[in-house]
>>> print(open('query.csv').read())   # CSV, C-alpha atoms and all ligand atoms
chain,number,residue,atom,x,y,z
C,1,MET,CA,11.4,6.9,30.7
C,2,THR,CA,14.9,8.3,31.2
C,3,GLY,CA,17.9,7.6,29.1
C,4,PHE,CA,16.3,7.7,25.6
C,5,PRO,CA,19.0,9.0,23.3
C,6,GLY,CA,16.9,11.8,21.9
C,7,ASN,CA,19.9,14.0,21.0
C,8,GLU,CA,21.6,11.2,19.0
C,9,LEU,CA,18.3,10.7,17.2
C,10,LEU,CA,18.0,14.4,16.3
C,11,LYS,CA,21.6,14.5,15.1
C,12,TRP,CA,21.0,11.4,13.0
C,13,TYR,CA,17.9,13.1,11.5
C,14,GLU,CA,19.8,16.2,10.7
C,15,HIS,CA,22.2,14.3,8.5
C,16,HIS,CA,20.1,11.5,7.2
C,17,GLN,CA,16.6,12.8,6.5
C,18,ARG,CA,15.2,12.3,3.0
C,19,PRO,CA,14.7,15.6,1.1
C,20,LEU,CA,10.9,15.4,0.9
C,21,PRO,CA,9.2,18.3,-0.8
C,22,TRP,CA,7.1,19.3,2.2
C,23,ARG,CA,10.2,19.4,4.4
C,24,LYS,CA,11.3,22.5,2.4
C,25,SER,CA,8.4,24.5,3.7
C,26,ASP,CA,7.3,25.8,7.1
C,27,ASP,CA,4.0,26.9,5.8
C,28,PRO,CA,1.3,25.2,7.9
C,29,TYR,CA,-0.9,24.8,4.8
C,30,HIS,CA,1.8,22.8,3.1
C,31,ILE,CA,2.3,20.6,6.1
C,32,TRP,CA,-1.4,20.1,6.5
C,33,VAL,CA,-1.8,19.0,2.9
C,34,SER,CA,1.2,16.6,3.2
C,35,GLU,CA,-0.1,15.1,6.4
C,36,ILE,CA,-3.5,14.4,4.9
C,37,MET,CA,-2.0,12.8,1.8
C,38,LEU,CA,0.4,10.7,3.9
C,39,GLN,CA,-2.5,9.1,5.8
C,40,GLN,CA,-2.5,5.4,4.8
C,41,THR,CA,-0.3,6.2,1.9
C,42,ARG,CA,3.4,5.6,1.1
C,43,VAL,CA,5.8,8.6,0.9
C,44,GLU,CA,6.9,7.7,-2.7
C,45,THR,CA,3.3,7.6,-3.9
C,46,VAL,CA,2.5,11.0,-2.2
C,47,ILE,CA,5.4,13.0,-3.6
C,48,PRO,CA,4.1,13.6,-7.2
C,49,TYR,CA,0.6,14.1,-6.0
C,50,TYR,CA,1.8,16.7,-3.4
C,51,ASP,CA,3.8,18.6,-6.0
C,52,ARG,CA,0.9,18.8,-8.4
C,53,PHE,CA,-1.5,19.7,-5.7
C,54,ILE,CA,0.5,22.6,-4.3
C,55,LYS,CA,1.1,23.8,-7.9
C,56,ALA,CA,-2.6,23.8,-8.6
C,57,PHE,CA,-3.7,25.1,-5.1
C,58,PRO,CA,-0.8,27.1,-3.7
C,59,ASP,CA,-2.7,28.4,-0.7
C,60,VAL,CA,-5.8,27.7,1.3
C,61,TYR,CA,-7.9,30.3,-0.7
C,62,ARG,CA,-7.2,28.6,-4.0
C,63,LEU,CA,-8.1,25.2,-2.5
C,64,ALA,CA,-11.3,26.6,-0.9
C,65,GLU,CA,-12.6,28.0,-4.2
C,66,ALA,CA,-11.5,25.1,-6.4
C,67,GLY,CA,-14.1,23.1,-8.3
C,68,ARG,CA,-14.8,19.7,-6.6
C,69,GLN,CA,-14.3,17.8,-9.8
C,70,ASN,CA,-10.9,19.5,-10.5
C,71,LEU,CA,-9.8,18.6,-7.0
C,72,LEU,CA,-10.9,15.0,-7.3
C,73,LYS,CA,-9.2,14.7,-10.7
C,74,LEU,CA,-5.9,15.8,-9.1
C,75,TRP,CA,-6.5,13.2,-6.3
C,76,GLU,CA,-7.4,10.5,-8.8
C,77,GLY,CA,-5.4,7.3,-8.0
C,78,LEU,CA,-4.3,8.4,-4.5
C,79,GLY,CA,-7.3,6.6,-2.9
C,80,TYR,CA,-9.3,7.4,0.3
C,81,TYR,CA,-11.1,10.2,-1.6
C,82,SER,CA,-13.0,11.5,1.5
C,83,ARG,CA,-9.6,13.0,2.4
C,84,ALA,CA,-9.8,15.3,-0.6
C,85,ARG,CA,-13.4,16.3,0.1
C,86,ASN,CA,-12.7,16.8,3.8
C,87,LEU,CA,-9.6,18.8,3.1
C,88,GLN,CA,-11.5,21.2,0.9
C,89,ASP,CA,-14.4,21.5,3.3
C,90,ALA,CA,-11.9,22.3,6.1
C,91,ALA,CA,-10.1,24.8,3.8
C,92,ARG,CA,-13.5,26.6,3.4
C,93,VAL,CA,-13.9,26.8,7.2
C,94,VAL,CA,-10.3,28.1,7.6
C,95,VAL,CA,-11.0,30.8,5.1
C,96,ASN,CA,-14.4,31.8,6.5
C,97,GLU,CA,-13.8,31.4,10.2
C,98,PHE,CA,-10.0,31.7,10.8
C,99,ASP,CA,-9.1,34.4,8.3
C,100,GLY,CA,-7.3,32.0,6.0
C,101,ASN,CA,-4.9,30.8,8.8
C,102,LEU,CA,-4.8,27.2,9.9
C,103,PRO,CA,-5.6,27.4,13.6
C,104,SER,CA,-2.8,26.4,16.1
C,105,GLY,CA,-5.1,25.5,19.0
C,106,TYR,CA,-5.7,21.8,19.5
C,107,ASN,CA,-9.5,22.1,19.9
C,108,ASP,CA,-9.8,24.4,16.8
C,109,ILE,CA,-7.6,22.2,14.6
C,110,ILE,CA,-9.3,19.0,15.6
C,111,SER,CA,-12.7,20.5,14.9
C,112,LEU,CA,-11.7,20.6,11.2
C,113,LYS,CA,-12.9,17.8,8.9
C,114,GLY,CA,-10.3,15.1,8.3
C,115,ILE,CA,-8.1,16.0,11.2
C,116,GLY,CA,-8.1,13.4,14.0
C,117,PRO,CA,-5.8,13.2,17.0
C,118,TYR,CA,-2.8,11.8,15.0
C,119,THR,CA,-2.9,14.4,12.3
C,120,ALA,CA,-3.6,17.2,14.8
C,121,ALA,CA,-0.5,16.2,16.7
C,122,ALA,CA,1.6,16.0,13.5
C,123,ILE,CA,0.6,19.4,12.3
C,124,LEU,CA,0.8,21.1,15.6
C,125,SER,CA,4.3,19.8,16.3
C,126,ILE,CA,5.7,20.2,12.8
C,127,ALA,CA,4.1,23.5,11.8
C,128,PHE,CA,3.7,25.2,15.2
C,129,GLN,CA,6.4,23.5,17.4
C,130,GLN,CA,3.8,22.4,20.0
C,131,PRO,CA,4.7,19.5,22.3
C,132,TYR,CA,2.4,16.8,20.9
C,133,ALA,CA,3.9,13.3,20.3
C,134,VAL,CA,3.0,11.5,17.1
C,135,VAL,CA,2.6,7.8,17.0
C,136,ASP,CA,2.3,6.1,13.7
C,137,GLY,CA,3.2,2.6,12.6
C,138,ASN,CA,6.9,3.5,12.2
C,139,VAL,CA,7.0,5.0,15.7
C,140,ILE,CA,5.3,1.9,17.2
C,141,ARG,CA,7.9,-0.3,15.6
C,142,VAL,CA,10.9,1.7,16.8
C,143,LEU,CA,9.6,2.2,20.3
C,144,SER,CA,8.3,-1.4,20.8
C,145,ARG,CA,11.8,-2.7,19.7
C,146,TYR,CA,13.8,-0.1,21.7
C,147,TYR,CA,11.8,-0.8,24.9
C,148,GLY,CA,11.4,-4.5,24.2
C,149,ILE,CA,7.5,-4.4,24.3
C,150,LYS,CA,6.3,-7.8,23.2
C,151,ASP,CA,2.6,-7.3,23.5
C,152,ASP,CA,0.2,-7.2,20.5
C,153,ILE,CA,0.5,-3.8,18.9
C,154,ARG,CA,-3.1,-4.1,17.6
C,155,SER,CA,-4.4,-4.0,21.2
C,156,ARG,CA,-5.5,-0.7,22.7
C,157,PRO,CA,-3.6,-1.0,26.0
C,158,THR,CA,-0.3,-1.6,24.0
C,159,LYS,CA,-1.0,1.4,21.8
C,160,ASN,CA,-1.8,3.5,24.9
C,161,GLU,CA,1.5,2.3,26.5
C,162,ILE,CA,3.5,3.4,23.4
C,163,GLN,CA,1.7,6.7,23.3
C,164,GLU,CA,2.6,7.4,26.9
C,165,ILE,CA,6.2,6.5,26.2
C,166,ALA,CA,6.2,8.8,23.2
C,167,ASP,CA,4.7,11.7,25.2
C,168,GLU,CA,7.4,11.2,27.8
C,169,ILE,CA,10.5,11.1,25.6
C,170,LEU,CA,9.3,13.9,23.3
C,171,ASN,CA,11.9,16.6,23.0
C,172,ARG,CA,9.9,19.7,24.0
C,173,SER,CA,12.1,22.3,22.4
C,174,LYS,CA,12.1,20.5,19.0
C,175,PRO,CA,8.9,18.4,18.9
C,176,GLY,CA,8.4,18.6,15.1
C,177,ASP,CA,11.9,17.4,14.3
C,178,PHE,CA,11.8,14.8,17.1
C,179,ASN,CA,8.5,13.3,15.8
C,180,GLN,CA,9.8,13.3,12.2
C,181,ALA,CA,13.1,11.8,13.3
C,182,LEU,CA,11.4,8.8,15.0
C,183,MET,CA,9.1,8.3,12.0
C,184,GLU,CA,12.0,8.6,9.6
C,185,LEU,CA,14.1,6.1,11.5
C,186,GLY,CA,11.2,3.6,11.4
C,187,ALA,CA,10.8,4.2,7.6
C,188,THR,CA,14.4,4.0,6.6
C,189,VAL,CA,16.5,2.1,9.3
C,190,CYS,CA,14.2,0.3,11.7
C,191,THR,CA,12.3,-1.3,8.9
C,192,PRO,CA,9.9,-4.3,9.5
C,193,LYS,CA,12.0,-7.1,8.0
C,194,THR,CA,15.6,-6.0,7.8
C,195,PRO,CA,16.4,-3.3,10.4
C,196,GLU,CA,19.9,-1.8,9.9
C,197,CYS,CA,20.8,-1.9,13.6
C,198,ASP,CA,24.5,-1.3,12.9
C,199,HIS,CA,23.6,2.1,11.5
C,200,CYS,CA,21.0,3.0,14.1
C,201,PRO,CA,21.5,5.9,16.6
C,202,LEU,CA,19.4,4.0,19.2
C,203,ALA,CA,21.4,0.7,19.0
C,204,ALA,CA,23.3,1.1,22.2
C,205,GLY,CA,20.1,0.9,24.4
C,206,CYS,CA,17.8,-1.1,22.1
C,207,ILE,CA,16.4,-4.2,23.8
C,208,ALA,CA,15.3,-5.9,20.6
C,209,TYR,CA,18.7,-5.4,19.2
C,210,ARG,CA,20.6,-6.6,22.3
C,211,THR,CA,18.4,-9.7,22.6
C,212,SER,CA,18.3,-10.4,18.9
C,213,SER,CA,14.5,-10.3,18.8
C,214,THR,CA,13.8,-7.8,16.0
C,215,ASP,CA,12.1,-10.6,14.2
C,216,VAL,CA,9.5,-11.1,16.9
C,217,ILE,CA,9.1,-7.5,18.0
C,218,PRO,CA,6.7,-5.8,17.3
C,219,TYR,CA,4.2,-8.6,17.6
C,220,LYS,CA,1.0,-8.1,15.5
C,221,SER,CA,-1.9,-10.5,15.9
C,222,PRO,CA,-3.2,-11.9,12.5
C,223,SER,CA,-5.7,-9.6,10.8
C,224,LYS,CA,-9.3,-10.7,10.2
C,225,LYS,CA,-10.0,-12.0,6.8
C,226,ILE,CA,-11.5,-9.3,4.7
C,227,PRO,CA,-14.6,-10.0,2.6
C,228,HIS,CA,-14.4,-10.6,-1.2
C,229,HIS,CA,-17.2,-9.3,-3.4
C,230,HIS,CA,-18.0,-9.9,-7.1
C,231,ILE,CA,-19.2,-6.8,-8.8
C,232,GLY,CA,-21.1,-6.8,-12.1
C,233,VAL,CA,-20.5,-3.6,-14.2
C,234,GLY,CA,-22.3,-2.5,-17.3
C,235,MET,CA,-20.4,-0.7,-20.1
C,236,LEU,CA,-23.6,0.7,-21.5
C,237,THR,CA,-23.2,2.1,-25.0
C,238,ASP,CA,-25.5,4.0,-27.3
C,239,LYS,CA,-25.7,4.2,-31.1
C,240,GLU,CA,-23.1,6.9,-31.3
C,241,GLY,CA,-20.6,4.8,-29.4
C,242,ARG,CA,-20.9,6.9,-26.2
C,243,LEU,CA,-20.7,5.2,-22.8
C,244,LEU,CA,-22.9,5.9,-19.8
C,245,ILE,CA,-21.1,7.0,-16.6
C,246,ALA,CA,-22.6,7.9,-13.2
C,247,LEU,CA,-21.5,10.4,-10.5
C,248,ARG,CA,-21.4,8.7,-7.1
C,249,PRO,CA,-23.3,10.4,-4.3
C,250,GLU,CA,-21.1,12.9,-2.4
C,251,GLU,CA,-21.6,11.3,1.0
C,252,ASN,CA,-20.8,7.7,-0.1
C,253,MET,CA,-17.4,6.0,-0.3
C,254,LEU,CA,-15.7,7.3,-3.4
C,255,GLY,CA,-18.2,10.1,-3.4
C,256,GLY,CA,-17.9,12.7,-6.2
C,257,LEU,CA,-16.1,10.3,-8.5
C,258,TRP,CA,-17.5,8.8,-11.7
C,259,GLU,CA,-18.0,5.2,-12.4
C,260,PHE,CA,-19.6,2.7,-14.8
C,261,PRO,CA,-22.9,1.6,-13.2
C,262,GLY,CA,-23.1,-1.8,-11.5
C,263,GLY,CA,-23.0,-3.4,-8.1
C,264,LYS,CA,-22.6,-6.5,-5.9
C,265,GLN,CA,-23.6,-10.0,-7.1
C,266,LYS,CA,-26.3,-11.6,-4.9
C,267,PRO,CA,-26.2,-15.3,-3.9
C,268,ASP,CA,-27.6,-17.6,-6.6
C,269,GLU,CA,-27.3,-14.9,-9.3
C,270,THR,CA,-25.2,-15.1,-12.4
C,271,ILE,CA,-23.0,-12.1,-12.9
C,272,GLU,CA,-24.9,-11.2,-16.1
C,273,THR,CA,-28.1,-11.1,-14.1
C,274,THR,CA,-26.4,-8.9,-11.6
C,275,VAL,CA,-25.5,-6.4,-14.3
C,276,LYS,CA,-29.1,-6.4,-15.6
C,277,ARG,CA,-30.6,-6.0,-12.2
C,278,GLU,CA,-28.1,-3.3,-11.1
C,279,LEU,CA,-28.7,-1.2,-14.2
C,280,LYS,CA,-32.5,-1.5,-13.8
C,281,GLU,CA,-32.2,-0.4,-10.1
C,282,GLU,CA,-29.6,2.3,-10.7
C,283,LEU,CA,-30.8,3.7,-14.0
C,284,GLY,CA,-34.4,2.5,-14.4
C,285,VAL,CA,-33.6,0.9,-17.8
C,286,ASP,CA,-33.7,-2.6,-19.3
C,287,VAL,CA,-30.5,-3.7,-20.9
C,288,ARG,CA,-29.2,-6.6,-23.0
C,289,VAL,CA,-25.9,-7.9,-21.6
C,290,LEU,CA,-23.5,-8.6,-24.3
C,291,GLU,CA,-20.0,-10.1,-24.2
C,292,LYS,CA,-17.5,-9.5,-21.4
C,293,PHE,CA,-15.2,-6.5,-21.6
C,294,MET,CA,-12.8,-7.5,-18.9
C,295,ASP,CA,-12.4,-8.8,-15.3
C,296,LEU,CA,-10.1,-7.2,-12.8
C,297,LYS,CA,-9.3,-7.5,-9.1
C,298,HIS,CA,-8.9,-4.6,-6.7
C,299,THR,CA,-8.3,-4.4,-2.9
C,300,TYR,CA,-9.7,-1.7,-0.7
C,301,SER,CA,-8.9,-1.3,3.0
C,302,HIS,CA,-11.7,-3.4,4.2
C,303,PHE,CA,-12.7,-5.6,1.3
C,304,ARG,CA,-11.5,-7.0,-2.0
C,305,ILE,CA,-13.5,-7.1,-5.3
C,306,THR,CA,-13.4,-8.9,-8.5
C,307,LEU,CA,-15.0,-6.6,-11.1
C,308,HIS,CA,-16.7,-8.2,-14.1
C,309,ALA,CA,-17.4,-5.6,-16.8
C,310,PHE,CA,-19.8,-6.4,-19.7
C,311,TRP,CA,-20.8,-4.5,-22.8
C,312,CYS,CA,-24.5,-3.6,-22.6
C,313,LEU,CA,-27.2,-2.1,-24.9
C,314,LEU,CA,-30.5,-0.5,-24.0
C,315,GLU,CA,-33.3,-2.8,-25.0
C,316,PRO,CA,-35.6,-1.4,-26.1
C,317,GLU,CA,-33.5,1.4,-27.4
C,318,ASN,CA,-35.8,4.4,-26.6
C,319,GLN,CA,-35.2,4.5,-22.9
C,320,THR,CA,-33.6,7.4,-20.9
C,321,PRO,CA,-31.4,6.4,-18.0
C,322,ILE,CA,-32.1,8.3,-14.8
C,323,PRO,CA,-29.8,8.7,-11.8
C,324,ASN,CA,-31.7,6.6,-9.2
C,325,SER,CA,-28.7,6.1,-7.0
C,326,SER,CA,-26.2,8.7,-8.3
C,327,GLN,CA,-26.0,12.4,-8.5
C,328,GLU,CA,-26.0,12.5,-12.2
C,329,VAL,CA,-25.6,10.3,-15.3
C,330,LYS,CA,-23.9,11.3,-18.6
C,331,TRP,CA,-23.2,9.8,-22.0
C,332,VAL,CA,-19.6,10.5,-22.9
C,333,LYS,CA,-17.3,9.6,-25.8
C,334,PRO,CA,-14.5,7.2,-24.8
C,335,THR,CA,-12.0,10.0,-25.7
C,336,GLN,CA,-13.7,12.3,-23.1
C,337,LEU,CA,-13.4,9.9,-20.2
C,338,GLU,CA,-10.0,11.3,-19.3
C,339,GLN,CA,-11.7,14.5,-18.2
C,340,TYR,CA,-13.5,12.8,-15.3
C,341,PRO,CA,-12.2,11.6,-12.0
C,342,PHE,CA,-12.6,7.8,-11.6
C,343,PRO,CA,-11.7,5.5,-8.7
C,344,LYS,CA,-8.8,3.1,-9.4
C,345,ALA,CA,-10.8,0.0,-10.6
C,346,ASN,CA,-12.9,2.1,-13.0
C,347,LYS,CA,-9.8,4.0,-14.1
C,348,ILE,CA,-8.4,0.7,-15.3
C,349,LEU,CA,-11.5,0.2,-17.4
C,350,THR,CA,-11.2,3.6,-19.0
C,351,GLU,CA,-7.5,3.0,-19.8
C,352,ARG,CA,-8.4,-0.4,-21.4
C,353,LEU,CA,-11.0,1.4,-23.5
C,354,GLN,CA,-8.4,3.8,-24.8
C,355,LYS,CA,-6.5,0.9,-26.2
C,356,LEU,CA,-9.4,-0.6,-28.2
L,401,LIG,S1,18.7,-0.8,17.0
L,401,LIG,FE1,17.7,-1.9,15.4
L,401,LIG,S2,15.8,-2.6,16.3
L,401,LIG,FE2,16.6,-1.1,17.7
L,401,LIG,S3,15.6,0.8,17.0
L,401,LIG,FE3,17.6,0.7,15.9
L,401,LIG,S4,17.1,-0.3,14.0
L,401,LIG,FE4,15.4,-0.7,15.4
>>> encode(input="query.csv", output="C-alpha cells")
Amino acid sequence: MTGFPGNELLKWYEHHQRPLPWRKSDDPYHIWVSEIMLQQTRVETVIPYYDRFIKAFPDVYRLAEAGRQNLLKLWEGLGYYSRARNLQDAARVVVNEFDGNLPSGYNDIISLKGIGPYTAAAILSIAFQQPYAVVDGNVIRVLSRYYGIKDDIRSRPTKNEIQEIADEILNRSKPGDFNQALMELGATVCTPKTPECDHCPLAAGCIAYRTSSTDVIPYKSPSKKIPHHHIGVGMLTDKEGRLLIALRPEENMLGGLWEFPGGKQKPDETIETTVKRELKEELGVDVRVLEKFMDLKHTYSHFRITLHAFWCLLEPENQTPIPNSSQEVKWVKPTQLEQYPFPKANKILTERLQKL
C-alpha cells in the first residue's frame, strides 16, 4: 500500500486538530478514560463528562476507591453504563496488580475489563507510541474513499481489508498522532454527507474524490429494524408523598442505576395491567393504577421503547415492597431524587417530577 500521503496527513493534523482536553495530556490514565468515554459517543458529548470525571477522579487510585453510586452519578446521561463499571473494576486491577500503572503490553491491557482490540490499539498507540493501527467509523470512511473500496463496510471481509490497509500505512514512528490524524480527518473533513475534499490533504490520490463517488462510498447495507417495546412504569407513592425507586442488579443492562419499577407489556395486556403485574412481580405488592403521569420515547442501541408512566398507590395500604428483582428498593422524597443516578428515560421522569 505504497504512496499513502502519511506525512501530509500528519502535517495537516499538526495544524488543524481540535484542542480536545485529553490531547493536552500524555498520562495513560487520562487517555484510557477518554477512549472509554468516546466508545459509541460523540466528542462534543464526552468533553464535559471527561472534565468532570478527571476532576473527581484525577488518578487511578481515586477511581479505584470511589463509591460506585458516585461514579454512576458522574456518568449519568452518558449511556452504556457498563463502561463506567468496567472502568472502575479495571482500575482496581491496575492498582492491585500493576502498581497503579496502566500496563503497556497488549495481552495485559486487553485482559482489563472494557478494553477490546480497538481500545487497546488506541491506548497503546496514543499513550505508549506502540505500532497498533486504530480503525473506527471515521477511519473506515476515509480509507474506503481514498482507496475506492465499494464493498459493504458492515461485512467482516471489508472490515478486515480496511484493517490490513491501516496496519500497512501506519506511521511507525508516530503511531498515536497518525491514528488520531486519520480519525480527525474523518470527523472534521471527510464527513459522511459533505466531505470538504478541497481542503483535504489526501485529495490528490483519493479515488472517491477523483471519480466523484463520495456519495456512494462507503457503502453500508441497510441496518436491521430494531424492536420497539412498550414499557409500563409505576410511580408508586406513599402517604408522605414519597416515591418508590429500585436499584437495578449490578450485572444487568443499566446495572447500578436506579429506576421506577415496571417492565415490558405482554401481548393482549393493557398497559395498566402491565404496570400492576410488573409491580406485583418486582415488589410483591398489589397496587391501584391511577392516572397517567407521562409517556416518553427513548432509543437504545438495539431497541426502542415507549415508556408509559402511571401514578400508583399500594392497595391495601399496609404492604411492604420487597426487592424481588432489584438490589434494593427505597422510598424517597421527590426533592431527593437528584442524589441518585438514573438512566436517561427515568431521568426525564425525575425532571418532570421536579416541575410539578
Ligand atoms: S479527498 Fe474527499 S473523499 Fe477523499 S479522503 Fe479527502 S475528504 Fe475524503
>>> residues_around(input="query.csv", residues="Thr350 in chain C", least_positions_apart="4", cutoff="12 Å", atoms="only C-alpha atoms", output="list in words")
Met235, Leu243, Leu244, Ile245, Trp258, Glu259, Phe260, Phe293, Met294, Ala309, Val332, Lys333, Pro334, Thr335, Gln336, Leu337, Glu338, Gln339, Tyr340, Pro341, Phe342, Pro343, Lys344, Ala345, Asn346, Gln354, Lys355 and Leu356 of chain C
>>> residues_near_point(input="query.csv", point="(19.1, 11.5, 22.0)", cutoff="10 Å", atoms="only C-alpha atoms", output="number ranges by chain")
C: 3-12, 169, 171, 178, 201-202
>>> closest_atom_pairs(input="query.csv", of="chain C", to="ligand LIG 401 (chain L)", cutoff="12 Å", atoms="only C-alpha atoms and all ligand atoms", output="CSV")
residue,atom,partner,partner_atom,distance
C:Phe4,CA,L:LIG401,S3,11.0
C:Pro5,CA,L:LIG401,S3,10.9
C:Glu8,CA,L:LIG401,FE3,11.7
C:Leu9,CA,L:LIG401,FE3,10.1
C:Trp12,CA,L:LIG401,FE3,11.6
C:Asn138,CA,L:LIG401,FE4,10.0
C:Val139,CA,L:LIG401,S3,9.7
C:Ile140,CA,L:LIG401,S3,10.4
C:Arg141,CA,L:LIG401,FE4,7.5
C:Val142,CA,L:LIG401,S3,4.8
C:Leu143,CA,L:LIG401,S3,7.0
C:Ser144,CA,L:LIG401,S3,8.5
C:Arg145,CA,L:LIG401,S2,5.3
C:Tyr146,CA,L:LIG401,FE2,5.0
C:Tyr147,CA,L:LIG401,FE2,8.7
C:Gly148,CA,L:LIG401,FE2,9.0
C:Ile149,CA,L:LIG401,S2,11.7
C:Ala181,CA,L:LIG401,S3,11.9
C:Leu182,CA,L:LIG401,S3,9.3
C:Met183,CA,L:LIG401,S3,11.1
C:Glu184,CA,L:LIG401,S4,11.2
C:Leu185,CA,L:LIG401,S4,7.5
C:Gly186,CA,L:LIG401,FE4,7.2
C:Ala187,CA,L:LIG401,S4,10.0
C:Thr188,CA,L:LIG401,S4,9.0
C:Val189,CA,L:LIG401,S4,5.3
C:Cys190,CA,L:LIG401,S4,3.7
C:Thr191,CA,L:LIG401,S4,7.1
C:Pro192,CA,L:LIG401,FE4,8.8
C:Lys193,CA,L:LIG401,S2,10.2
C:Thr194,CA,L:LIG401,S4,8.6
C:Pro195,CA,L:LIG401,S4,4.7
C:Glu196,CA,L:LIG401,S4,5.2
C:Cys197,CA,L:LIG401,FE1,3.6
C:Asp198,CA,L:LIG401,S1,7.1
C:His199,CA,L:LIG401,S4,7.4
C:Cys200,CA,L:LIG401,FE3,4.5
C:Pro201,CA,L:LIG401,FE3,6.5
C:Leu202,CA,L:LIG401,FE3,5.0
C:Ala203,CA,L:LIG401,S1,3.7
C:Ala204,CA,L:LIG401,S1,7.2
C:Gly205,CA,L:LIG401,S1,7.7
C:Cys206,CA,L:LIG401,FE2,4.6
C:Ile207,CA,L:LIG401,FE2,6.8
C:Ala208,CA,L:LIG401,S2,5.4
C:Tyr209,CA,L:LIG401,S2,5.0
C:Arg210,CA,L:LIG401,S1,8.1
C:Thr211,CA,L:LIG401,S2,9.8
C:Ser212,CA,L:LIG401,S2,8.6
C:Ser213,CA,L:LIG401,S2,8.2
C:Thr214,CA,L:LIG401,S2,5.6
C:Asp215,CA,L:LIG401,S2,9.1
C:Val216,CA,L:LIG401,S2,10.6
C:Ile217,CA,L:LIG401,S2,8.5
C:Pro218,CA,L:LIG401,S2,9.7
>>> residues_near_point(input="query.csv", point="(8.8, 12.6, -4.3)", cutoff="12 Å", atoms="only C-alpha atoms", output="PyMOL selection string")
chain C and resi 18-23+34+38+42-52
>>> residues_around(input="query.csv", residues="range 54-57 of chain C", least_positions_apart="6", cutoff="8 Å", atoms="only C-alpha atoms", output="list in words")
His30, Leu63 and Ala66 of chain C
>>> closest_residue(input="query.csv", among="C:Gly234, C:Pro323, C:Gly137, C:Pro28", to="Lys159 in chain C", atoms="only C-alpha atoms")
C:Gly137
>>> closest_residue(input="query.csv", among="C:Phe53, C:Asp89, C:Glu317, C:Val60", to="Leu74 in chain C", atoms="all atoms listed in the file")
C:Phe53
>>> residues_around(input="query.csv", residues="Glu269 in chain C", least_positions_apart="4", cutoff="12 Å", atoms="only C-alpha atoms", output="VMD selection string")
chain C and resid 230 to 232 264 to 265 273 to 278
>>> residues_around(input="query.csv", residues="Gln69 in chain C", least_positions_apart="6", cutoff="12 Å", atoms="only C-alpha atoms", output="ChimeraX atom specification")
/C:75-76,81,84-85,88,247-248,250,255-258,339-342
>>> atom_distance(input="query.csv", atom1="CA of Tyr13 in chain C", atom2="CA of Ile123 in chain C")
18.4 Å
>>> closest_residue(input="query.csv", among="C:Pro249, C:Gly262, C:Gly105, C:Gly100", to="Ala64 in chain C", atoms="all atoms listed in the file")
C:Gly100
